[in-house]
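Working notes, structure below.
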Amino acid sequence: MTTVAPDLEIPIEDIKAGKRVTEYHLMWWAFRRDPLAVLSLVILLGFILGAIFAPNLTPYPEQGRGDPNLLEKFSPPNQGHLLGTDYLGRDVLTRILYGGRSSLAIGFLVVIVAVLIGVPLGAISGYYGGWIDNLVMRITDIFLAFPPLLLAIALASALGASFTNTMIAISFTWWPWYTRLVRAQTLSLRERYFIEAARSIGVPSWKIITSHVLPNVMTPVMVQATMDLGGAILVGAAVSFIGLGVQPPLADWGQMVSIGRIYFIERPWYAGSAGLAIFLVTLAFNLLGDAVRDAADPHTRRVVDVGR
C-alpha cells in the first residue's frame with residue numbers, strides 16, 4: 001500500500017527513485033489540490049481566452065470595435081443579446097469581451113513593468129547597501145508617500161487620457177512595493193554561506209546578483225505579482241471610470257461602468273455586467289494569489305513515507 005501526502009499526492013517512491021522534484025513541481029502539486037485555486041484559474045482563463053478570441057466568439061465583432069446599432073438601443077437581455085445592448089445599441093457581451101482586452105492588458109503590463117523596475121533596484125539596493133541603498137530607498141519612500149490611486153490619476157491626467165498613459169501612470173505607482181520586497185529578501189540572502197563562498201572566490205557582484213540572488217527571490221515576487229494583478233486591473237478601471245483611461249469607441253470595463261451608471265436604475269444590465277466582470281476577475285486573481293502563496297510555503301506541504 002502506498003501512502004501519499006494528505007496535502008500533496010506525491011508518492012515518496014518518486015523521490016527515492018531519484019526522480020527530479022523541483023520547488024515548482026511541489027508548488028504545482030499543492031496548487032491543484034486547492035478547489036478555489038482551480039476555480040479561480042478556470043475563471044481567469046475564460047476571461048483571457050474570451051478577450052483573445054473575441055472576434056470569433058461573437059456575431060457582432062464590429063460592435064465590439066465601436067460601431068453603433070441605434071435600432072436596438074437599450075434592448076434588455078434576450079436570445080440575440082444575452083446581456084442586452086447599450087446606449088448605442090451595441091451588444092454588451094461583445095463589449096465586455098473586447099473590454100477585457102484593455103482591462104486585462106493593463107493589469108498584466110503594469111505588473112510586468114513594475115517587476116522589471118522594482119526587482120533589479122531591490123536586488124542592487126539590498127546587495128550593495130551603503131549610499132546606493134539609501135538613495136534607492138529614499139526614492140522609493142517618495143513614491144510610497146502618495147496614495148497609489150491618487151498618484152496614478154495625477155500622472156494620467158498630466159500625460160493625457162489613453163491606454164498607454166494609463167499603463168505608464170499605474171506602473172509608476174507599483175514598482176516601489178517590489179523594490180522593498182526584493183531588498184528585504186536580498187539583505188537576508190547576502191549573508192548566506194553560498195553568497196559568501198561565491199564572493200570569496202572572486203565571482204563578480206553582477207553575476208552573484210543574477211545567478212544567486214534573483215533566482216532565490218523570485219518565488220515571493222511571483223506570489224506578490226499574482227495578487228497584484230487584480231489590484232492593477234481595479235486601479236485601471238478606476239482611472240477609466242473618471243475618463244482618463246481607454247477612450248471611446250474602444251471598450252473598457254471601467255468606462256462601461258462609468259457610462260452605465262447614468263442609466264443604472266432603469267437599465268442595470270449595462271453597468272452591472274461590466275461591474276460583475278471586474279468583480280470576478282479581481283476576486284479570481286486574489287484567490288489565485290492566496291493559493292500561490294500557500295503553495296509556495298513549504299510549511300504547508302508534507303511528503304509521507306511509504307508503508308506496506
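For the C-alpha cells, the naming scheme is as follows: chains receive sequential letters (A, B, ...) according to their order of presentation, residues are indexed from 1 within each chain, and ligands are indexed from 1 in presentation order.
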- Task: With a distance cut-off of 9 Å and only C-alpha atoms, select the neighbouring residues of A:Arg261, excluding the residue or stretch itself and same-chain residues fewer than 3 positions from it, and output the selection as a list in words.
- Result: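 Contacts, with the query itself left out: Met256, Val257, Ser258, Phe264, Ile265, Pro268, Tyr270, Ala271 and Gly272 of chain A.
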Selected residues, all heavy atoms, written as an mmCIF file, in the first residue's frame, please.
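Everything below was put into selection-v6.cif:
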```
data_model
loop_
_atom_site.group_PDB
_atom_site.id
_atom_site.type_symbol
_atom_site.label_atom_id
_atom_site.label_comp_id
_atom_site.auth_asym_id
_atom_site.auth_seq_id
_atom_site.Cartn_x
_atom_site.Cartn_y
_atom_site.Cartn_z
ATOM 1 N N MET A 256 -17.262 51.407 -19.241
ATOM 2 C CA MET A 256 -18.637 50.911 -19.350
ATOM 3 C C MET A 256 -19.416 51.154 -18.063
ATOM 4 O O MET A 256 -20.592 51.538 -18.094
ATOM 5 C CB MET A 256 -18.625 49.425 -19.694
ATOM 6 C CG MET A 256 -18.100 49.120 -21.091
ATOM 7 S SD MET A 256 -17.917 47.351 -21.413
ATOM 8 C CE MET A 256 -19.645 46.843 -21.441
ATOM 9 N N VAL A 257 -18.769 50.949 -16.908
ATOM 10 C CA VAL A 257 -19.428 51.223 -15.635
ATOM 11 C C VAL A 257 -19.721 52.712 -15.497
ATOM 12 O O VAL A 257 -20.797 53.112 -15.029
ATOM 13 C CB VAL A 257 -18.560 50.724 -14.460
ATOM 14 C CG1 VAL A 257 -19.170 51.149 -13.127
ATOM 15 C CG2 VAL A 257 -18.416 49.211 -14.503
ATOM 16 N N SER A 258 -18.785 53.546 -15.923
ATOM 17 C CA SER A 258 -18.954 54.999 -15.817
ATOM 18 C C SER A 258 -20.156 55.476 -16.623
ATOM 19 O O SER A 258 -20.979 56.252 -16.138
ATOM 20 C CB SER A 258 -17.680 55.696 -16.300
ATOM 21 O OG SER A 258 -17.836 57.097 -16.269
ATOM 22 N N PHE A 264 -28.445 53.286 -14.744
ATOM 23 C CA PHE A 264 -28.456 52.056 -13.954
ATOM 24 C C PHE A 264 -29.841 51.702 -13.408
ATOM 25 O O PHE A 264 -30.215 50.528 -13.363
ATOM 26 C CB PHE A 264 -27.460 52.169 -12.799
ATOM 27 C CG PHE A 264 -27.322 50.895 -12.019
ATOM 28 C CD1 PHE A 264 -26.594 49.830 -12.532
ATOM 29 C CD2 PHE A 264 -27.942 50.747 -10.782
ATOM 30 C CE1 PHE A 264 -26.467 48.642 -11.818
ATOM 31 C CE2 PHE A 264 -27.814 49.571 -10.071
ATOM 32 C CZ PHE A 264 -27.077 48.519 -10.592
ATOM 33 N N ILE A 265 -30.618 52.686 -12.986
ATOM 34 C CA ILE A 265 -31.905 52.399 -12.351
ATOM 35 C C ILE A 265 -32.847 51.679 -13.310
ATOM 36 O O ILE A 265 -33.473 50.669 -12.959
ATOM 37 C CB ILE A 265 -32.564 53.694 -11.836
ATOM 38 C CG1 ILE A 265 -31.657 54.374 -10.803
ATOM 39 C CG2 ILE A 265 -33.934 53.388 -11.224
ATOM 40 C CD1 ILE A 265 -31.383 53.533 -9.578
ATOM 41 N N PRO A 268 -30.129 48.272 -15.738
ATOM 42 C CA PRO A 268 -28.959 47.888 -14.926
ATOM 43 C C PRO A 268 -28.017 46.898 -15.602
ATOM 44 O O PRO A 268 -26.909 46.685 -15.118
ATOM 45 C CB PRO A 268 -29.604 47.258 -13.685
ATOM 46 C CG PRO A 268 -30.908 46.722 -14.187
ATOM 47 C CD PRO A 268 -31.372 47.696 -15.227
ATOM 48 N N TYR A 270 -26.260 47.041 -18.279
ATOM 49 C CA TYR A 270 -25.059 47.576 -18.914
ATOM 50 C C TYR A 270 -23.927 47.743 -17.888
ATOM 51 O O TYR A 270 -22.886 47.086 -17.963
ATOM 52 C CB TYR A 270 -25.387 48.909 -19.595
ATOM 53 C CG TYR A 270 -24.238 49.537 -20.347
ATOM 54 C CD1 TYR A 270 -23.327 48.750 -21.044
ATOM 55 C CD2 TYR A 270 -24.057 50.919 -20.371
ATOM 56 C CE1 TYR A 270 -22.276 49.315 -21.738
ATOM 57 C CE2 TYR A 270 -23.015 51.496 -21.064
ATOM 58 C CZ TYR A 270 -22.121 50.690 -21.742
ATOM 59 O OH TYR A 270 -21.077 51.259 -22.420
ATOM 60 N N ALA A 271 -24.142 48.603 -16.898
ATOM 61 C CA ALA A 271 -23.113 48.805 -15.874
ATOM 62 C C ALA A 271 -22.938 47.555 -15.021
ATOM 63 O O ALA A 271 -21.816 47.225 -14.610
ATOM 64 C CB ALA A 271 -23.475 49.998 -14.985
ATOM 65 N N GLY A 272 -24.027 46.848 -14.755
ATOM 66 C CA GLY A 272 -23.960 45.665 -13.903
ATOM 67 C C GLY A 272 -23.094 44.568 -14.493
ATOM 68 O O GLY A 272 -22.335 43.912 -13.774
#
```
Per residue of stretch 21-116 of chain A within 12 Å of stretch 157-181 of chain A, which atom pair is closest and at what distance in Å (one decimal), using only C-alpha atoms, listed by chain and increasing number, as CSV?
```
residue,atom,partner,partner_atom,distance
A:Gly99,CA,A:Phe163,CA,11.8
A:Arg101,CA,A:Phe163,CA,11.0
A:Ser102,CA,A:Phe163,CA,7.5
A:Ser103,CA,A:Phe163,CA,9.4
A:Leu104,CA,A:Met167,CA,11.1
A:Ala105,CA,A:Met167,CA,8.9
A:Ile106,CA,A:Met167,CA,5.7
A:Gly107,CA,A:Met167,CA,8.2
A:Phe108,CA,A:Met167,CA,9.6
A:Leu109,CA,A:Met167,CA,6.9
A:Val110,CA,A:Ser171,CA,4.9
A:Val111,CA,A:Ser171,CA,7.1
A:Ile112,CA,A:Ser171,CA,8.7
A:Val113,CA,A:Ser171,CA,6.3
A:Ala114,CA,A:Trp175,CA,4.1
A:Val115,CA,A:Tyr178,CA,6.4
A:Leu116,CA,A:Trp175,CA,8.2
```
Just to be explicit: take each residue in the selection above, keep all heavy atoms, and write the result as a short mmCIF file (atom, residue, chain, number, x, y, z; two decimals), in the first residue's frame.
```cif
data_model
loop_
_atom_site.label_atom_id
_atom_site.label_comp_id
_atom_site.auth_asym_id
_atom_site.auth_seq_id
_atom_site.Cartn_x
_atom_site.Cartn_y
_atom_site.Cartn_z
N GLY A 99 -13.68 44.67 -24.11
CA GLY A 99 -13.17 45.46 -22.99
C GLY A 99 -12.16 44.70 -22.16
O GLY A 99 -11.27 45.30 -21.54
N ARG A 101 -9.83 43.01 -23.27
CA ARG A 101 -8.51 43.17 -23.89
C ARG A 101 -7.74 44.32 -23.24
O ARG A 101 -6.57 44.18 -22.89
CB ARG A 101 -8.66 43.43 -25.39
CG ARG A 101 -9.18 42.23 -26.16
CD ARG A 101 -9.27 42.53 -27.64
NE ARG A 101 -9.40 41.31 -28.43
CZ ARG A 101 -9.34 41.25 -29.75
NH1 ARG A 101 -9.14 42.36 -30.45
NH2 ARG A 101 -9.46 40.09 -30.38
N SER A 102 -8.37 45.45 -23.08
CA SER A 102 -7.69 46.60 -22.49
C SER A 102 -7.54 46.45 -20.98
O SER A 102 -6.47 46.72 -20.42
CB SER A 102 -8.44 47.89 -22.81
OG SER A 102 -9.76 47.84 -22.32
N SER A 103 -8.59 45.98 -20.30
CA SER A 103 -8.55 45.88 -18.84
C SER A 103 -7.52 44.85 -18.39
O SER A 103 -6.72 45.11 -17.48
CB SER A 103 -9.94 45.52 -18.31
OG SER A 103 -10.87 46.54 -18.60
N LEU A 104 -7.53 43.67 -19.00
CA LEU A 104 -6.57 42.63 -18.63
C LEU A 104 -5.15 43.03 -19.05
O LEU A 104 -4.19 42.77 -18.32
CB LEU A 104 -6.96 41.30 -19.26
CG LEU A 104 -8.25 40.66 -18.73
CD1 LEU A 104 -8.64 39.47 -19.59
CD2 LEU A 104 -8.07 40.21 -17.28
N ALA A 105 -5.04 43.65 -20.23
CA ALA A 105 -3.70 44.07 -20.69
C ALA A 105 -3.09 45.08 -19.74
O ALA A 105 -1.88 45.01 -19.45
CB ALA A 105 -3.80 44.65 -22.10
N ILE A 106 -3.87 46.02 -19.24
CA ILE A 106 -3.35 47.00 -18.28
C ILE A 106 -2.83 46.29 -17.03
O ILE A 106 -1.74 46.58 -16.54
CB ILE A 106 -4.43 48.03 -17.93
CG1 ILE A 106 -4.58 49.05 -19.07
CG2 ILE A 106 -4.08 48.77 -16.64
CD1 ILE A 106 -5.66 50.08 -18.83
N GLY A 107 -3.62 45.33 -16.52
CA GLY A 107 -3.19 44.61 -15.33
C GLY A 107 -1.87 43.89 -15.53
O GLY A 107 -0.94 44.03 -14.73
N PHE A 108 -1.76 43.14 -16.61
CA PHE A 108 -0.55 42.36 -16.86
C PHE A 108 0.65 43.28 -17.15
O PHE A 108 1.75 43.06 -16.64
CB PHE A 108 -0.76 41.40 -18.03
CG PHE A 108 -1.50 40.15 -17.63
CD1 PHE A 108 -2.83 39.98 -17.97
CD2 PHE A 108 -0.86 39.15 -16.92
CE1 PHE A 108 -3.52 38.83 -17.61
CE2 PHE A 108 -1.53 38.00 -16.55
CZ PHE A 108 -2.87 37.83 -16.89
N LEU A 109 0.44 44.31 -17.97
CA LEU A 109 1.55 45.20 -18.33
C LEU A 109 2.04 45.99 -17.12
O LEU A 109 3.25 46.18 -16.96
CB LEU A 109 1.12 46.14 -19.45
CG LEU A 109 0.94 45.51 -20.82
CD1 LEU A 109 0.35 46.51 -21.81
CD2 LEU A 109 2.27 44.98 -21.36
N VAL A 110 1.13 46.44 -16.29
CA VAL A 110 1.53 47.20 -15.09
C VAL A 110 2.40 46.33 -14.20
O VAL A 110 3.46 46.77 -13.72
CB VAL A 110 0.28 47.69 -14.33
CG1 VAL A 110 0.64 48.10 -12.91
CG2 VAL A 110 -0.35 48.87 -15.05
N VAL A 111 1.98 45.11 -13.94
CA VAL A 111 2.74 44.23 -13.06
C VAL A 111 4.09 43.87 -13.69
O VAL A 111 5.12 43.85 -13.00
CB VAL A 111 1.93 42.97 -12.72
CG1 VAL A 111 2.78 41.94 -11.99
CG2 VAL A 111 0.72 43.33 -11.87
N ILE A 112 4.11 43.61 -14.99
CA ILE A 112 5.37 43.27 -15.66
C ILE A 112 6.35 44.43 -15.58
O ILE A 112 7.54 44.24 -15.24
CB ILE A 112 5.11 42.88 -17.14
CG1 ILE A 112 4.40 41.51 -17.20
CG2 ILE A 112 6.42 42.81 -17.92
CD1 ILE A 112 3.90 41.15 -18.58
N VAL A 113 5.88 45.64 -15.88
CA VAL A 113 6.76 46.82 -15.82
C VAL A 113 7.24 47.06 -14.39
O VAL A 113 8.42 47.36 -14.14
CB VAL A 113 6.04 48.06 -16.37
CG1 VAL A 113 6.86 49.32 -16.12
CG2 VAL A 113 5.77 47.91 -17.86
N ALA A 114 6.32 46.91 -13.43
CA ALA A 114 6.70 47.12 -12.03
C ALA A 114 7.75 46.10 -11.58
O ALA A 114 8.69 46.45 -10.86
CB ALA A 114 5.46 47.01 -11.14
N VAL A 115 7.61 44.86 -12.00
CA VAL A 115 8.59 43.83 -11.66
C VAL A 115 9.94 44.14 -12.32
O VAL A 115 11.00 44.02 -11.68
CB VAL A 115 8.09 42.44 -12.08
CG1 VAL A 115 9.21 41.40 -12.01
CG2 VAL A 115 6.93 42.00 -11.18
N LEU A 116 9.92 44.52 -13.59
CA LEU A 116 11.16 44.81 -14.30
C LEU A 116 11.92 45.99 -13.70
O LEU A 116 13.15 46.04 -13.75
CB LEU A 116 10.87 45.08 -15.78
CG LEU A 116 10.40 43.87 -16.60
CD1 LEU A 116 10.06 44.29 -18.02
CD2 LEU A 116 11.46 42.78 -16.61
#
```
- Item | Pick from A:Leu83, A:Val136, A:Ala156, A:Leu41, whichever lies nearest to A:Asn286 using only C-alpha atoms |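 Of A:Leu83, A:Val136, A:Ala156, A:Leu41, the one nearest A:Asn286, counting only C-alpha atoms, is A:Leu41.
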- Message: I'd like the neighbourhood of A:Pro248 as an NGL selection string, where a residue qualifies if any of its atoms comes within 10 Å (using only C-alpha atoms), though same-chain residues fewer than 5 positions away should be ignored.
- Response: :A and (65-66 or 243 or 255-256)
Selection file, all heavy atoms, as an mmCIF file, in the first residue's frame:
```cif
data_model
loop_
_atom_site.group_PDB
_atom_site.id
_atom_site.type_symbol
_atom_site.label_atom_id
_atom_site.label_comp_id
_atom_site.auth_asym_id
_atom_site.auth_seq_id
_atom_site.Cartn_x
_atom_site.Cartn_y
_atom_site.Cartn_z
ATOM 1 N N ARG A 65 -15.818 46.768 -31.698
ATOM 2 C CA ARG A 65 -14.841 47.797 -32.076
ATOM 3 C C ARG A 65 -15.439 49.195 -32.041
ATOM 4 O O ARG A 65 -14.730 50.168 -32.288
ATOM 5 C CB ARG A 65 -14.281 47.487 -33.459
ATOM 6 C CG ARG A 65 -13.376 46.254 -33.478
ATOM 7 C CD ARG A 65 -12.714 46.059 -34.824
ATOM 8 N NE ARG A 65 -13.658 45.550 -35.814
ATOM 9 C CZ ARG A 65 -13.838 44.247 -36.077
ATOM 10 N NH1 ARG A 65 -13.125 43.341 -35.415
ATOM 11 N NH2 ARG A 65 -14.714 43.851 -36.979
ATOM 12 N N GLY A 66 -16.751 49.300 -31.746
ATOM 13 C CA GLY A 66 -17.345 50.618 -31.532
ATOM 14 C C GLY A 66 -18.456 51.013 -32.474
ATOM 15 O O GLY A 66 -19.057 52.080 -32.295
ATOM 16 N N GLY A 243 -12.623 58.841 -16.793
ATOM 17 C CA GLY A 243 -12.392 59.358 -18.137
ATOM 18 C C GLY A 243 -10.945 59.552 -18.526
ATOM 19 O O GLY A 243 -10.667 60.184 -19.555
ATOM 20 N N GLN A 255 -14.779 52.181 -18.164
ATOM 21 C CA GLN A 255 -15.535 53.136 -18.976
ATOM 22 C C GLN A 255 -17.003 52.716 -19.089
ATOM 23 O O GLN A 255 -17.911 53.559 -19.022
ATOM 24 C CB GLN A 255 -14.893 53.207 -20.358
ATOM 25 C CG GLN A 255 -15.626 54.011 -21.394
ATOM 26 C CD GLN A 255 -15.223 53.554 -22.789
ATOM 27 O OE1 GLN A 255 -16.031 52.993 -23.520
ATOM 28 N NE2 GLN A 255 -13.974 53.784 -23.160
ATOM 29 N N MET A 256 -17.262 51.407 -19.241
ATOM 30 C CA MET A 256 -18.637 50.911 -19.350
ATOM 31 C C MET A 256 -19.416 51.154 -18.063
ATOM 32 O O MET A 256 -20.592 51.538 -18.094
ATOM 33 C CB MET A 256 -18.625 49.425 -19.694
ATOM 34 C CG MET A 256 -18.100 49.120 -21.091
ATOM 35 S SD MET A 256 -17.917 47.351 -21.413
ATOM 36 C CE MET A 256 -19.645 46.843 -21.441
#
```
- Message: Applying 12 Å and only C-alpha atoms, which residues near A:Ile132 remain after dropping the ones on its own chain fewer than 6 positions away? List them as number ranges by chain.
- Response: A: 121-126, 138-139, 183
Export of prior selection with C-alpha atoms as a JSON list (two decimals), in the first residue's frame:
```json
[["chain", "number", "residue", "atom", "x", "y", "z"],
["A", 121, "LEU", "CA", 16.51, 48.00, -7.95],
["A", 122, "GLY", "CA", 15.67, 45.99, -4.83],
["A", 123, "ALA", "CA", 18.40, 43.43, -5.53],
["A", 124, "ILE", "CA", 21.05, 46.12, -6.14],
["A", 125, "SER", "CA", 19.96, 48.11, -3.11],
["A", 126, "GLY", "CA", 19.97, 45.13, -0.77],
["A", 138, "ARG", "CA", 14.65, 57.39, -0.31],
["A", 139, "ILE", "CA", 13.36, 57.49, -3.90],
["A", 183, "ARG", "CA", 15.55, 44.39, -0.88]]
```
- Query: Out of A:Val217, A:Leu280, A:Tyr87, A:Met227, which residue has the shortest atom-to-atom distance to A:Ile262 when counting only C-alpha atoms?
  - Reply: A:Tyr87
Could you tell me, as a CSV table (one decimal) with C-alpha atoms, in the first residue's frame, which residues of stretch 42-215 of chain A DSSP assigns to helix (DSSP H, G or I) when given the backbone?
```csv
chain,number,residue,atom,x,y,z
A,42,VAL,CA,-10.7,28.5,-14.8
A,43,ILE,CA,-12.4,31.9,-14.4
A,44,LEU,CA,-9.3,33.8,-15.4
A,45,LEU,CA,-8.6,31.5,-18.4
A,46,GLY,CA,-12.2,32.0,-19.5
A,47,PHE,CA,-11.8,35.8,-19.5
A,48,ILE,CA,-8.4,35.8,-21.1
A,49,LEU,CA,-9.4,33.4,-23.9
A,50,GLY,CA,-12.6,35.4,-24.3
A,51,ALA,CA,-10.6,38.6,-24.8
A,52,ILE,CA,-8.1,37.0,-27.2
A,54,ALA,CA,-13.4,37.9,-29.0
A,55,PRO,CA,-13.9,38.3,-32.8
A,56,ASN,CA,-14.5,34.6,-33.2
A,57,LEU,CA,-16.8,34.3,-30.2
A,61,PRO,CA,-17.4,42.0,-33.8
A,62,GLU,CA,-17.9,45.4,-35.4
A,63,GLN,CA,-19.9,46.5,-32.4
A,64,GLY,CA,-17.0,45.4,-30.1
A,70,LEU,CA,-29.2,52.5,-32.9
A,71,LEU,CA,-32.2,50.4,-33.9
A,72,GLU,CA,-31.6,48.1,-30.9
A,92,VAL,CA,-23.0,44.3,-24.1
A,93,LEU,CA,-21.5,40.8,-24.1
A,94,THR,CA,-19.4,41.7,-27.1
A,95,ARG,CA,-18.3,44.9,-25.5
A,96,ILE,CA,-17.2,43.0,-22.3
A,97,LEU,CA,-15.2,40.6,-24.4
A,98,TYR,CA,-13.5,43.4,-26.2
A,99,GLY,CA,-13.2,45.5,-23.0
A,100,GLY,CA,-11.3,42.6,-21.4
A,101,ARG,CA,-8.5,43.2,-23.9
A,102,SER,CA,-7.7,46.6,-22.5
A,103,SER,CA,-8.5,45.9,-18.8
A,104,LEU,CA,-6.6,42.6,-18.6
A,105,ALA,CA,-3.7,44.1,-20.7
A,106,ILE,CA,-3.3,47.0,-18.3
A,107,GLY,CA,-3.2,44.6,-15.3
A,108,PHE,CA,-0.5,42.4,-16.9
A,109,LEU,CA,1.6,45.2,-18.3
A,110,VAL,CA,1.5,47.2,-15.1
A,111,VAL,CA,2.7,44.2,-13.1
A,112,ILE,CA,5.4,43.3,-15.7
A,113,VAL,CA,6.8,46.8,-15.8
A,114,ALA,CA,6.7,47.1,-12.0
A,115,VAL,CA,8.6,43.8,-11.7
A,116,LEU,CA,11.2,44.8,-14.3
A,117,ILE,CA,11.8,48.1,-12.5
A,118,GLY,CA,11.4,47.1,-8.9
A,119,VAL,CA,13.2,43.7,-8.7
A,120,PRO,CA,16.6,44.9,-10.1
A,121,LEU,CA,16.5,48.0,-7.9
A,122,GLY,CA,15.7,46.0,-4.8
A,123,ALA,CA,18.4,43.4,-5.5
A,124,ILE,CA,21.0,46.1,-6.1
A,125,SER,CA,20.0,48.1,-3.1
A,126,GLY,CA,20.0,45.1,-0.8
A,127,TYR,CA,23.2,43.6,-2.1
A,128,TYR,CA,25.4,46.7,-2.1
A,130,GLY,CA,25.6,51.9,1.8
A,131,TRP,CA,24.8,55.1,-0.2
A,132,ILE,CA,23.2,53.1,-3.0
A,133,ASP,CA,20.8,51.5,-0.6
A,134,ASN,CA,20.0,54.9,0.9
A,135,LEU,CA,19.5,56.5,-2.5
A,136,VAL,CA,17.1,53.8,-3.8
A,137,MET,CA,15.1,53.6,-0.5
A,138,ARG,CA,14.7,57.4,-0.3
A,139,ILE,CA,13.4,57.5,-3.9
A,140,THR,CA,11.1,54.6,-3.1
A,141,ASP,CA,9.8,56.4,0.1
A,142,ILE,CA,8.9,59.4,-2.0
A,143,PHE,CA,6.7,57.3,-4.3
A,144,LEU,CA,5.2,55.4,-1.3
A,148,PRO,CA,-1.2,54.9,-5.3
A,149,LEU,CA,-4.6,55.7,-6.9
A,150,LEU,CA,-4.2,59.4,-6.4
A,151,LEU,CA,-0.7,59.4,-7.9
A,152,ALA,CA,-1.9,57.3,-10.8
A,153,ILE,CA,-4.8,59.7,-11.5
A,154,ALA,CA,-2.4,62.7,-11.3
A,155,LEU,CA,0.1,61.2,-13.7
A,156,ALA,CA,-2.6,60.0,-16.1
A,157,SER,CA,-4.1,63.5,-16.1
A,158,ALA,CA,-0.7,65.1,-16.8
A,159,LEU,CA,0.2,62.6,-19.5
A,163,PHE,CA,-4.3,53.3,-22.8
A,164,THR,CA,-0.5,53.7,-22.9
A,165,ASN,CA,-0.5,56.7,-20.5
A,166,THR,CA,-2.8,54.8,-18.1
A,167,MET,CA,-0.4,51.9,-18.0
A,168,ILE,CA,2.6,54.1,-17.5
A,169,ALA,CA,0.9,56.1,-14.7
A,170,ILE,CA,-0.1,53.0,-12.8
A,171,SER,CA,3.3,51.3,-13.3
A,172,PHE,CA,4.9,54.4,-11.7
A,173,THR,CA,2.9,53.7,-8.5
A,174,TRP,CA,3.5,50.0,-8.4
A,175,TRP,CA,7.3,49.3,-8.6
A,176,PRO,CA,8.2,50.6,-5.1
A,177,TRP,CA,6.5,47.6,-3.5
A,178,TYR,CA,8.7,45.1,-5.4
A,179,THR,CA,11.8,47.1,-4.6
A,180,ARG,CA,11.1,46.9,-0.9
A,181,LEU,CA,10.1,43.2,-1.1
A,182,VAL,CA,13.3,42.2,-3.0
A,183,ARG,CA,15.6,44.4,-0.9
A,184,ALA,CA,14.4,42.7,2.3
A,185,GLN,CA,14.9,39.2,0.7
A,186,THR,CA,18.4,40.3,-0.6
A,187,LEU,CA,19.5,41.6,2.8
A,188,SER,CA,18.9,38.1,4.2
A,189,LEU,CA,20.4,36.3,1.3
A,193,TYR,CA,27.2,30.9,3.1
A,194,PHE,CA,26.7,30.2,-0.6
A,195,ILE,CA,26.8,34.0,-1.3
A,196,GLU,CA,29.9,34.3,0.9
A,197,ALA,CA,31.5,31.4,-0.9
A,198,ALA,CA,30.9,32.9,-4.3
A,199,ARG,CA,32.3,36.3,-3.2
A,200,SER,CA,35.3,34.7,-1.7
A,205,SER,CA,28.9,41.1,-8.0
A,206,TRP,CA,26.7,41.4,-11.0
A,207,LYS,CA,26.9,37.6,-11.6
A,208,ILE,CA,26.2,36.9,-7.9
A,209,ILE,CA,23.1,39.0,-8.2
A,210,THR,CA,21.8,37.5,-11.4
A,211,SER,CA,22.8,33.9,-10.7
A,212,HIS,CA,22.3,33.6,-6.9
A,213,VAL,CA,20.2,36.4,-5.6
A,214,LEU,CA,17.5,36.9,-8.2
A,215,PRO,CA,16.6,33.2,-8.6
```
- Of the candidates A:Asn216, A:Asn69, A:Thr282, A:Thr58, which one gets nearest to A:Ala232 if we count only C-alpha atoms?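 Under the stated criterion, the closest residue is A:Thr282.
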